[in-house]
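Trainee: Before we start, here is the structure in question, set down as structure tokens.
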Amino acid sequence: MLNNARDDFNYARRFEQLTHLLSEHKTLWQFATFNQADLPWREAYPELCNWLDSQSVTDLLSEDSQTRIGQFLPFVSQIEALTQLDDFTLDCLTPSENNDSAVFTSVPVHFSHGIGGRKWQQINAFFAALGPAQQADSYLEWCAGMGHLGRLVALKTASSVLSLEWQQALCDKGSTLAQKANVQQDFVCDDALRAQSATHLAGKNCAVALHACGDLHTALLRAAGEVKTPHVVISPCCYHLTRDARYLGLSQFCQANLIQYGLEIDKDDLKLAVKQVATAGAREQDLRELELTYRLGFDTWLRETLNADNYIPLSSVKKSQLNQGFEAFCHWAAEQKNQLFSATDEQVTQYLAIGKQRRALLARLEAVRSCFRRAMELWLVLDRALFMQEQGYQVEVGIFCSAQLTPRNYMLRAVFEK
């Protein structure tokens, strides 16, 4: 039985506290980082800006940078307190040091072949944190891919699983894996955003979704809430992948808060919730730093060429291309914009130097903005929790694994009891 009386109070109160905090300090997080020519808070927070100017990019990317920023912004400690879940999360949702691999021992060794190590650990941790939903006798796996989560659920619970996935090729591969594992798992090829996809919830005791993006997981919550699926367990992801240009709020409570506090949030703001890259390896992070420098250096040339004021996005680049150097990157990037890159060796050097300067400024901006990342993410998760409560569910919110395993480690568990 869930401690719903306590949770109802805490979730609504915590959500409104986060709304107030995000609204009151929105100048510190609500801006287009790539369009800034300088720190926009020099008058309001001069000591903070002087300190930021003295820090290297490496310093600002360190794990303790938020603590040090808190010396200049006292409310950072309030953010940390508001985003702690200990006071309203059941102990079984709090990962222990060994939790991420807790269910490995009873799973055949070959079962995880073809699944990335970190992804396999996430799947195991998600299953271990299902709580009462482990007792369901039929499941719907939403946005299943090849159904790795559903296959584990079917194996561990000996229950039937229907895995919904819109790519037929993934359904076919998943079906083959299910047959090899000898589990009760079927696949249906359908678009989760199609209204009729909700019919797949019929007769299912539990719906699960691990890192379903944006509108995909909200579609599940709406559909499950309408038909009153007994158990719903999700770990949300990529909140900015939505058709709405502005965040409207899922729950009535959120919608009222947005109006009351005058808070308007767009897709770029929503990206803040998924900015953390703690799971990236050192090589991957080094390449990211190089790519950012190259993009910002090229952007300077492109703005001058097109007489533009704002940052002009580029399509994704193969990381191997970065090894060819900055000038080669500029030629490639110019082609993407139907331009011909032309610059002397001296100019190329200058643009690269400007790229490094802009990267340093970006690091300072993002160091402050990142102090609000977890607040924004929990605010979004709590909106989903409040929505499910409004549909008559008892809800728990917690974390299902360590942030090192995945920064998207929030879990929402909802139970409908007649």
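A note on labels: chains of the structure tokens are A, B, ... as shown, every chain counts residues from 1, and ligands are counted from 1 in their shown order.
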Please provide the set of residues having any atom within 7 Å of region 293-301 of chain A, restricted to only C-alpha atoms, with same-chain residues fewer than 3 positions apart removed, written as a CSV table (one decimal) with N, CA and C atoms, in the first residue's frame.
Mentor:
```csv
chain,number,residue,atom,x,y,z
A,289,GLU,N,33.7,18.7,-26.6
A,289,GLU,CA,34.4,20.0,-26.4
A,289,GLU,C,34.9,20.6,-27.7
A,290,LEU,N,35.6,19.7,-28.5
A,290,LEU,CA,36.2,20.1,-29.7
A,290,LEU,C,35.1,20.5,-30.7
A,304,GLU,N,28.9,36.6,-39.8
A,304,GLU,CA,29.5,37.7,-40.5
A,304,GLU,C,29.1,37.7,-42.0
A,305,THR,N,29.2,36.4,-42.6
A,305,THR,CA,28.9,36.3,-44.0
A,305,THR,C,27.4,36.6,-44.3
A,311,TYR,N,22.6,32.6,-33.3
A,311,TYR,CA,23.3,31.4,-33.6
A,311,TYR,C,22.5,30.6,-34.6
A,312,ILE,N,23.3,30.1,-35.6
A,312,ILE,CA,22.6,29.3,-36.7
A,312,ILE,C,23.0,27.8,-36.5
A,326,PHE,N,40.0,22.2,-37.9
A,326,PHE,CA,39.0,23.2,-38.0
A,326,PHE,C,38.6,23.7,-39.4
A,330,CYS,N,35.0,23.7,-41.3
A,330,CYS,CA,34.3,24.9,-41.8
A,330,CYS,C,33.9,24.7,-43.2
A,351,TYR,N,39.3,32.8,-36.3
A,351,TYR,CA,37.9,32.2,-36.0
A,351,TYR,C,38.0,31.1,-35.0
A,352,LEU,N,39.1,30.3,-35.1
A,352,LEU,CA,39.2,29.2,-34.1
A,352,LEU,C,39.5,29.8,-32.7
A,354,ILE,N,38.3,32.6,-31.6
A,354,ILE,CA,37.0,33.2,-31.2
A,354,ILE,C,36.2,32.0,-30.7
A,355,GLY,N,36.3,30.9,-31.4
A,355,GLY,CA,35.5,29.7,-31.0
A,355,GLY,C,35.8,29.3,-29.6
A,356,LYS,N,37.1,29.3,-29.3
A,356,LYS,CA,37.6,28.9,-28.0
A,356,LYS,C,37.1,29.9,-26.9
A,358,ARG,N,34.4,31.8,-27.2
A,358,ARG,CA,32.9,31.6,-27.0
A,358,ARG,C,32.6,30.3,-26.3
A,359,ARG,N,33.4,29.3,-26.4
A,359,ARG,CA,33.2,28.1,-25.7
A,359,ARG,C,33.4,28.3,-24.2
```
Trainee: Nearest to Lys204 (chain A) among A:Ala353, A:Cys189, A:Val227, A:Leu140, with distances taken over only C-alpha atoms: which residue is it?
Mentor: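 Using only C-alpha atoms, Lys204 (chain A) sits closest to A:Leu140.
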Trainee: Excluding Gln196 (chain A) and its own-chain neighbours fewer than 6 positions away, which residues fall within 12 Å of it when counting only C-alpha atoms? Please give them as a list in words.
Mentor: Asp190, Ala202, Ala219, Leu220 and Ala223 of chain A
Trainee: Restrict the selected residues to N, CA, C and O atoms and save them as an mmCIF file, in the first residue's frame.
Mentor:
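As written to disk, again32.cif reads:
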```cif
data_model
loop_
_atom_site.group_PDB
_atom_site.id
_atom_site.type_symbol
_atom_site.label_atom_id
_atom_site.label_comp_id
_atom_site.auth_asym_id
_atom_site.auth_seq_id
_atom_site.Cartn_x
_atom_site.Cartn_y
_atom_site.Cartn_z
ATOM 1 N N ASP A 190 2.984 -0.568 -34.157
ATOM 2 C CA ASP A 190 2.009 0.519 -34.125
ATOM 3 C C ASP A 190 2.699 1.791 -33.673
ATOM 4 O O ASP A 190 3.761 1.751 -33.039
ATOM 5 N N ALA A 202 -5.874 -2.707 -23.369
ATOM 6 C CA ALA A 202 -7.017 -3.511 -22.936
ATOM 7 C C ALA A 202 -6.551 -4.848 -22.359
ATOM 8 O O ALA A 202 -5.777 -5.574 -22.979
ATOM 9 N N ALA A 219 1.627 10.356 -23.918
ATOM 10 C CA ALA A 219 0.526 9.650 -24.578
ATOM 11 C C ALA A 219 0.147 8.404 -23.789
ATOM 12 O O ALA A 219 -1.039 8.071 -23.647
ATOM 13 N N LEU A 220 1.151 7.705 -23.264
ATOM 14 C CA LEU A 220 0.875 6.518 -22.449
ATOM 15 C C LEU A 220 0.130 6.904 -21.171
ATOM 16 O O LEU A 220 -0.847 6.243 -20.789
ATOM 17 N N ALA A 223 -3.471 7.721 -22.006
ATOM 18 C CA ALA A 223 -4.239 6.536 -22.387
ATOM 19 C C ALA A 223 -4.501 5.635 -21.191
ATOM 20 O O ALA A 223 -5.622 5.165 -20.976
#
```
Trainee: For Tyr11 (chain A), find every residue with an atom within 8 Å (counting only C-alpha atoms), except residues of its own chain fewer than 4 positions away, and show them as a PDB file with C-alpha atoms, in the first residue's frame.
Mentor:
```pdb
ATOM      1  CA  ASP A   7       2.641  11.931  -1.078  1.00  0.00           C
ATOM      2  CA  PHE A  15       5.819  21.240  -7.299  1.00  0.00           C
ATOM      3  CA  LEU A 382       6.013  15.882 -10.704  1.00  0.00           C
ATOM      4  CA  ALA A 385       2.764  12.466 -11.092  1.00  0.00           C
ATOM      5  CA  LEU A 386       0.114  15.078 -10.298  1.00  0.00           C
TER       6      LEU A 386
END
```
Trainee: Report as a PyMOL selection string all protein, DNA and RNA residues lying within 9 Å of region 119-122 of chain A, evaluated on only C-alpha atoms, omitting residues in the same chain fewer than 3 positions from it.
Mentor: chain A and resi 100-101+104+112+115-116+125-127+148-149+210+400-401+405-406+409
Trainee: From region 183-273 of chain A, collect each residue whose DSSP state is alpha helix (DSSP H) and return the set as a PyMOL selection string.
Mentor: chain A and resi 214-227+252-260+267-270
Trainee: So, counting only C-alpha atoms, which residue among A:Pro46, A:Gly249, A:Pro132, A:Gly114 is closest to Phe72 (chain A)?
Mentor: A:Pro46
